[in-house]
Amino acid sequence: MGSAADLPLASPAAASAASPGTVLSGAALSGAASPGTAMPGAASLGAASPGTAMSGAASPGASSRQRRGNDRWKAAFFGLAVVAILAGAAWALLGSKFFVVRSVQVIGPAAVSPAEVIADAGIRLGTPLIRINPATVAHRVERITLVQSAQVRRAWPDKIVISVRERTAALAVRSGGGYQLIDKFGVVLRQVPRRPPGMPVFQTPGTARPASLRGSAAVLAAATVLHELPARISRSVTAVDTPSADDVTLRLRGGVTIVWGGTGQSTAKARELAILMRGHARYYDVGDPQTAVTGG
């Protein structure tokens, strides 16, 4: 049996040199690998070469620049679209013949002449509707004596509609051999030879002319009181004496006088008057309904 000394030992040089086909493992791989050697897991060990394809290789900066470019194009497109729409609308309203005045319609009582309303409105056919100022037209129409108020509107695509409210006579004023009828604002509406049935006479000082009553607070107070009276009493009023807006006196058929005072507390005054008139007096003062008095 031979001893261990008889066994051949590999020299250090022989141990370090591996044949070309030798498979190395472990620490042997930690040495310098040849540039061309394909190594498992090599992608995780070394830096990728400039030409290496990598997932997610798109640069964040390039993506941001692309998005900004797209946003600018979108903004420019929408801006141009808005400008084109506005330009088209402006042309349609101001420059085209689609939205121009082709007719004027007057709505109101028969007493107000439509021809007069149209003439005073001053609207030229063919004018773009957008150029018509309803407030200005209404102001022109309201200069007509019989018109109390007017409303004007555009009826697209080609019409103007004017609605008028007529003044109504509230009182008669003696004038010459007849009467002039005035509304609650003191506007003279027409001259008549006789007082209309049921219309009270507004008593004026001898020197006052009916035309001077326009805008009179006394006339408005008298008309307001007549409107607030119970119907059975207002039908009996033949004259109204109103030195001031706070001093309205009513003259009834049969010589009955009612001192009404101002236009306030009309409900309380009417209630108190109805109670007092049960006594068939000839004089009633309800200027202060809390202290109403009768006489005669």
# chains A, B, ... in the order shown; residues from 1 in each chain; ligands from 1
>>> residues_around(residues="Gly122 (chain A)", least_positions_apart="5", cutoff="12 Å", atoms="only C-alpha atoms", output="MDAnalysis selection string")
chainID A and resid 104 115:117 127 132:134 136:141 160
>>> write_last_selection(atoms="N, CA and C atoms", output="CSV table (one decimal), in the first residue's frame")
chain,number,residue,atom,x,y,z
A,104,VAL,N,-93.6,95.8,-39.0
A,104,VAL,CA,-93.8,96.4,-37.7
A,104,VAL,C,-95.3,96.1,-37.3
A,115,ALA,N,-101.2,103.2,-37.6
A,115,ALA,CA,-100.4,104.0,-38.6
A,115,ALA,C,-99.6,105.1,-37.9
A,116,GLU,N,-100.3,105.8,-36.9
A,116,GLU,CA,-99.6,106.8,-36.2
A,116,GLU,C,-98.5,106.3,-35.3
A,117,VAL,N,-98.8,105.1,-34.7
A,117,VAL,CA,-97.7,104.5,-33.9
A,117,VAL,C,-96.5,104.1,-34.7
A,127,THR,N,-83.6,97.8,-41.6
A,127,THR,CA,-82.6,98.0,-40.6
A,127,THR,C,-82.4,96.7,-39.9
A,132,ILE,N,-82.0,98.0,-33.5
A,132,ILE,CA,-83.2,98.7,-33.0
A,132,ILE,C,-83.1,98.7,-31.5
A,133,ASN,N,-83.2,99.9,-30.9
A,133,ASN,CA,-83.2,100.1,-29.4
A,133,ASN,C,-84.6,100.1,-28.9
A,134,PRO,N,-85.2,99.1,-28.3
A,134,PRO,CA,-86.6,99.1,-27.9
A,134,PRO,C,-86.9,100.2,-27.0
A,136,THR,N,-85.7,103.3,-26.8
A,136,THR,CA,-85.8,104.5,-27.6
A,136,THR,C,-87.1,104.6,-28.4
A,137,VAL,N,-87.4,103.4,-29.0
A,137,VAL,CA,-88.7,103.4,-29.8
A,137,VAL,C,-89.9,103.6,-28.9
A,138,ALA,N,-89.9,102.9,-27.7
A,138,ALA,CA,-91.0,103.1,-26.8
A,138,ALA,C,-91.2,104.5,-26.4
A,139,HIS,N,-90.1,105.2,-26.1
A,139,HIS,CA,-90.1,106.6,-25.7
A,139,HIS,C,-90.8,107.5,-26.8
A,140,ARG,N,-90.4,107.2,-28.1
A,140,ARG,CA,-91.1,107.9,-29.2
A,140,ARG,C,-92.6,107.7,-29.2
A,141,VAL,N,-93.0,106.5,-29.1
A,141,VAL,CA,-94.4,106.1,-29.2
A,141,VAL,C,-95.2,106.8,-28.0
A,160,ILE,N,-90.7,93.7,-35.7
A,160,ILE,CA,-90.7,94.5,-34.4
A,160,ILE,C,-92.2,94.6,-34.0
>>> residues_around(residues="region 164-169 of chain A", least_positions_apart="4", cutoff="6 Å", atoms="only C-alpha atoms", output="ChimeraX atom specification")
/A:108,146-150,181-183
>>> atom_distance(atom1="CA of Ser234 (chain A)", atom2="CA of Leu252 (chain A)")
8.5 Å
>>> residues_around(residues="Val256 (chain A)", least_positions_apart="4", cutoff="10 Å", atoms="only C-alpha atoms", output="number ranges by chain")
A: 236-237, 250-252, 280-284, 296
>>> atom_distance(atom1="CA of Leu220 (chain A)", atom2="CA of Glu272 (chain A)")
23.2 Å
>>> select_by_dssp(residues="region 73-159 of chain A", states="strand (DSSP E)", output="list of chain:residue names")
A:Ser103, A:Val104, A:Gln105, A:Val106, A:Ile107, A:Val147, A:Gln148, A:Ser149, A:Ala150, A:Gln151, A:Val152, A:Arg153, A:Arg154, A:Ala155, A:Lys159
>>> atom_distance(atom1="CA of Ser163 (chain A)", atom2="CA of Ala211 (chain A)")
26.8 Å
